[in-house]
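Peer 1: Pasting in a structure now, in structure tokens, and then I'll have a few things to ask.
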Amino acid sequence: MKPEEFTDIRYEVEEDDHAVITIDRQERMNSFRGRTVDELISAFKHAWADHRVGSVILTAAGERAFCTGGDVKERAETGGYGETEWGTFEIERLHRIIRDIPKPVIAAVNGIAIGGGHVLHVLCDLTVACEEATFAQAGPRVGSFDAGFGSAYLARVVGEKRARQIWFLLDRYDAATAERWGLVNAVVPRDQLLDTAREWARRIGSYSPTALRFLKHSFNADSDHLSGISHLAFDGLAQFAVSEEGMEGAQAFAEKRQPDFRRFR
Ligand SMILES: CC(C)(COP(=O)(O)OP(=O)(O)OC[C@H]1O[C@@H](n2cnc3c(N)ncnc32)[C@H](O)[C@@H]1OP(=O)(O)O)[C@@H](O)C(=O)NCCC(=O)NCCSC(=O)CCC(=O)c1ccccc1C(=O)O
């Protein structure tokens, strides 16, 4: 897919130096549908192949949300995430390409990062957040889970107890807490968010790309076995998401009511 064809995201190469990918579905709080995921994968492929690009900034439009994960309304209506290029929902491939692209990926978190949107920033190499950003998982409330990188790798980042706290209590954490926990690298005023990400990108752009490539793959190697767990988890999630229990979560969200999961105990 060409960047000119993108409808859910924007893709720009700035200063012949770094790519900026902006999720722009503000009417659905920057949640992703199948097409959004296809476009994100395509954007990362463009950034990978473009020799001008030394690093990638992943951010989102507006001030409310970075990404609120899967489009729960779409899922409540259709049981899925809408049409895709190949007929498959490629979220796992998106996770892989963020890890595999041999260039550092910087998340610039401009609002809430929740559910699958939180997982996206966790997978990025670096995260800068604005002071108003908040962080949370939501799966068990809406009939979903990420039993691969979204939980096991998260535990590497913040530690076992905190990762379990994030997934079992489903609280929202402010940016200061996220920084204290090592979930983000820096917190800055909103008007400095993109400039900080750009400044990091420029510095990265002045370093040896080969050294960076080897370092990124070296960091990844230690946790890459989680790919196998991710495959299993996404196989399970695809079935769970359309089950009665999974759909109860999505429908309750769309109907603005509390889900009733007690009958599934
Ligand atoms: C983000 C909130 C905490 C914001 O709360 P608040 O500020 O009170 O605003 P709201 O009034 O709730 O929301 C405003 C407006 O936006 C709509 N909206 C918000 N989030 C979404 C969303 N994710 N999808 C669609 N629409 C959304 C909301 O309905 C409102 O619309 P109105 O028309 O104005 O009423 C809060 O909104 C919130 O908690 N949102 C849901 C977050 C969430 O649960 N995300 C999904 C988590 S699960 C996931 O992301 C995994 C998906 C996945 O990767 C997957 C992979 C493979 C197979 C299956 C799956 C899977 O199905 O899970």
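Letters A, B, ... mark the chains of the structure tokens in the order given; residue numbers begin at 1 per chain; ligand numbers begin at 1, in order shown.
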Which residues are near ligand 1 - at most 7 Å, using only C-alpha atoms and all ligand atoms? Format: as a VMD selection string.

Peer 2: chain A and resid 27 to 29 31 68 to 75 89 91 112 114 to 117 137 to 139 141 to 146 234 237 to 238 241 254

Peer 1: If you count only C-alpha atoms, which residues fall within 10 Å of region 63-67 of chain A, apart from same-chain ones fewer than 6 positions away, as an MDAnalysis selection string?

Peer 2: chainID A and resid 22:26 28:32 107:121 129:130 132:135 190

Peer 1: Which of region 104-212 of chain A end up as alpha helix (DSSP H) when DSSP is run on this backbone - answer as a ChimeraX atom specification?

Peer 2: /A:116-123,139-142,154-158,160-169,175-180,193-205,209-212

Peer 1: Rank A:Leu123, A:Leu232, A:Val187, A:Ala178 by their smallest atom-to-atom distance to Leu58 (chain A), using only C-alpha atoms, and report the top residue only.

Peer 2: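 Closest to Leu58 (chain A) of all the choices is A:Leu123.
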
Peer 1: Would you kindly return, as a PyMOL selection string, each protein, DNA or RNA residue with an atom no farther than 6 Å from any atom of Ala250 (chain A), considering only C-alpha atoms and excluding same-chain residues fewer than 2 positions away?

Peer 2: chain A and resi 72+76+142+247-248+252-253

Peer 1: So that I have them on file, write out the residues from the current selection with C-alpha atoms, as a PDB file, in the first residue's frame.

Peer 2:
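As written to disk, part13.pdb reads:
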```
ATOM      1  CA  VAL A  72     -14.338  -2.399  20.321  1.00  0.00           C
ATOM      2  CA  ALA A  76     -19.310  -5.529  19.003  1.00  0.00           C
ATOM      3  CA  VAL A 142     -13.672  -6.169  27.202  1.00  0.00           C
ATOM      4  CA  MET A 247     -18.342 -10.905  22.945  1.00  0.00           C
ATOM      5  CA  GLU A 248     -19.927 -10.062  26.331  1.00  0.00           C
ATOM      6  CA  ALA A 252     -21.047  -4.331  27.221  1.00  0.00           C
ATOM      7  CA  PHE A 253     -18.570  -1.611  26.148  1.00  0.00           C
TER       8      PHE A 253
END
```

Peer 1: Which residues come within 8 Å of Glu83 (chain A), counting only C-alpha atoms, excluding same-chain residues fewer than 2 positions away, as a PyMOL selection string?

Peer 2: chain A and resi 34-35+81+85+87

Peer 1: Could you write out that same residue set with N, CA and C atoms as a compact mmCIF listing (two decimals), in the first residue's frame?

Peer 2:
```txt
# COMPACT_ATOMS: atom_id res chain seq x y z
N GLY A 34 -8.87 -3.42 11.27
CA GLY A 34 -7.97 -4.20 10.42
C GLY A 34 -7.20 -3.34 9.45
N ARG A 35 -7.89 -2.37 8.83
CA ARG A 35 -7.22 -1.51 7.86
C ARG A 35 -6.10 -0.68 8.51
N TYR A 81 -12.73 -7.00 13.00
CA TYR A 81 -12.17 -5.65 12.90
C TYR A 81 -12.27 -5.08 11.48
N GLU A 85 -6.57 -6.03 3.80
CA GLU A 85 -6.01 -6.27 2.46
C GLU A 85 -6.04 -7.75 2.09
N GLY A 87 -7.57 -10.19 4.08
CA GLY A 87 -8.65 -10.91 4.76
C GLY A 87 -8.28 -11.40 6.15
```

Peer 1: CA of Ala186 (chain A) to CA of Asp8 (chain A): how many Å, to one decimal?

Peer 2: 27.2 Å

Peer 1: Name all residues at most 12 Å from Ala49 (chain A) (count only C-alpha atoms; drop same-chain ones fewer than 5 positions away) and give them as a list in words.

Peer 2: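 Residues meeting the cut-off are Ala19, Ser42, Ala43, Phe44, Gly54, Ser55, Ile101, Pro102 and Lys103 of chain A.
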
Peer 1: Dump N, CA and C atoms for the selected residues as a PDB file, in the first residue's frame?

Peer 2:
```pdb
ATOM      1  N   ALA A  19      11.256   8.829  10.019  1.00  0.00           N
ATOM      2  CA  ALA A  19       9.848   8.727   9.607  1.00  0.00           C
ATOM      3  C   ALA A  19       8.954   9.026  10.807  1.00  0.00           C
ATOM      4  N   SER A  42       2.409  -1.404   6.583  1.00  0.00           N
ATOM      5  CA  SER A  42       2.927  -0.861   5.336  1.00  0.00           C
ATOM      6  C   SER A  42       3.860   0.331   5.612  1.00  0.00           C
ATOM      7  N   ALA A  43       3.462   1.192   6.537  1.00  0.00           N
ATOM      8  CA  ALA A  43       4.288   2.357   6.875  1.00  0.00           C
ATOM      9  C   ALA A  43       5.646   1.913   7.440  1.00  0.00           C
ATOM     10  N   PHE A  44       5.617   0.921   8.320  1.00  0.00           N
ATOM     11  CA  PHE A  44       6.897   0.434   8.869  1.00  0.00           C
ATOM     12  C   PHE A  44       7.760  -0.180   7.768  1.00  0.00           C
ATOM     13  N   GLY A  54      16.507   6.861   9.536  1.00  0.00           N
ATOM     14  CA  GLY A  54      17.369   6.246  10.542  1.00  0.00           C
ATOM     15  C   GLY A  54      16.604   5.750  11.751  1.00  0.00           C
ATOM     16  N   SER A  55      15.401   6.291  11.967  1.00  0.00           N
ATOM     17  CA  SER A  55      14.564   5.849  13.088  1.00  0.00           C
ATOM     18  C   SER A  55      13.120   6.214  12.765  1.00  0.00           C
ATOM     19  N   ILE A 101      12.118  -4.307  12.635  1.00  0.00           N
ATOM     20  CA  ILE A 101      12.712  -3.234  11.817  1.00  0.00           C
ATOM     21  C   ILE A 101      14.056  -2.845  12.453  1.00  0.00           C
ATOM     22  N   PRO A 102      15.127  -2.841  11.641  1.00  0.00           N
ATOM     23  CA  PRO A 102      16.458  -2.667  12.247  1.00  0.00           C
ATOM     24  C   PRO A 102      16.815  -1.208  12.507  1.00  0.00           C
ATOM     25  N   LYS A 103      15.828  -0.452  12.925  1.00  0.00           N
ATOM     26  CA  LYS A 103      16.007   0.969  13.224  1.00  0.00           C
ATOM     27  C   LYS A 103      15.217   1.234  14.509  1.00  0.00           C
TER      28      LYS A 103
END
```

Peer 1: Quick check, in Å to one decimal: how far apart do CA of Glu160 (chain A) and CA of Asp222 (chain A) lie?

Peer 2: 16.7 Å

Peer 1: Just checking: using only C-alpha atoms, which residue out of A:Thr127, A:Thr36, A:Thr84, A:Thr7 ends up closest to Thr59 (chain A)?

Peer 2: A:Thr127

Peer 1: Tell me, in Å to one decimal, how far CA of His217 (chain A) is from CA of Val37 (chain A).

Peer 2: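 Between CA of His217 (chain A) and CA of Val37 (chain A) the gap is 23.1 Å.
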
Peer 1: Can you list, as an MDAnalysis selection string, every protein, DNA or RNA residue that comes within 8 Å of Leu40 (chain A) when you count only C-alpha atoms, leaving out same-chain residues fewer than 6 positions away?

Peer 2: chainID A and resid 9 21 94

Peer 1: So, counting only C-alpha atoms, which residue among A:Leu226, A:Ile204, A:Met1, A:Leu154 is closest to Ile106 (chain A)?

Peer 2: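 The answer is A:Ile204, which sits nearest to Ile106 (chain A).
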
Peer 1: Go through A:Arg164, A:Arg265, A:Arg203, A:Arg10 one by one, measure the shortest atom-to-atom distance of each to Glu245 (chain A) using only C-alpha atoms, and give the residue with the smallest value.

Peer 2: A:Arg265

Peer 1: Of the residues A:Gln165, A:Arg99, A:Gly236, A:Asn185, which is the one nearest to Ala221 (chain A), using only C-alpha atoms?

Peer 2: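 For Ala221 (chain A), the nearest of the candidates is A:Arg99.
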
Peer 1: Of the residues A:Ile166, A:Pro140, A:Gly228, A:Asp125, which is the one nearest to Leu215 (chain A), using only C-alpha atoms?

Peer 2: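 With only C-alpha atoms as the atom set, the closest residue is A:Asp125.
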
Peer 1: Would you list, as a PyMOL selection string, the residues of region 159-249 of chain A that end up in strand (DSSP E) under DSSP run on this structure's backbone?

Peer 2: chain A and resi 173-174+186-188

Peer 1: Output the selection as a CSV table (one decimal), in the first residue's frame - N, CA and C atoms for each residue.

Peer 2:
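Contents of the output file selection-v4.csv:
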```csv
chain,number,residue,atom,x,y,z
A,173,TYR,N,-2.6,4.4,34.9
A,173,TYR,CA,-1.4,5.0,35.5
A,173,TYR,C,-1.0,6.3,34.9
A,174,ASP,N,-0.7,7.3,35.7
A,174,ASP,CA,-0.3,8.5,35.1
A,174,ASP,C,1.2,8.5,34.6
A,186,ALA,N,10.9,9.1,29.3
A,186,ALA,CA,10.9,10.5,29.7
A,186,ALA,C,9.5,11.0,29.6
A,187,VAL,N,9.2,12.0,30.4
A,187,VAL,CA,7.9,12.7,30.4
A,187,VAL,C,8.2,14.2,30.2
A,188,VAL,N,7.5,14.8,29.3
A,188,VAL,CA,7.7,16.2,28.9
A,188,VAL,C,6.4,16.9,28.8
```
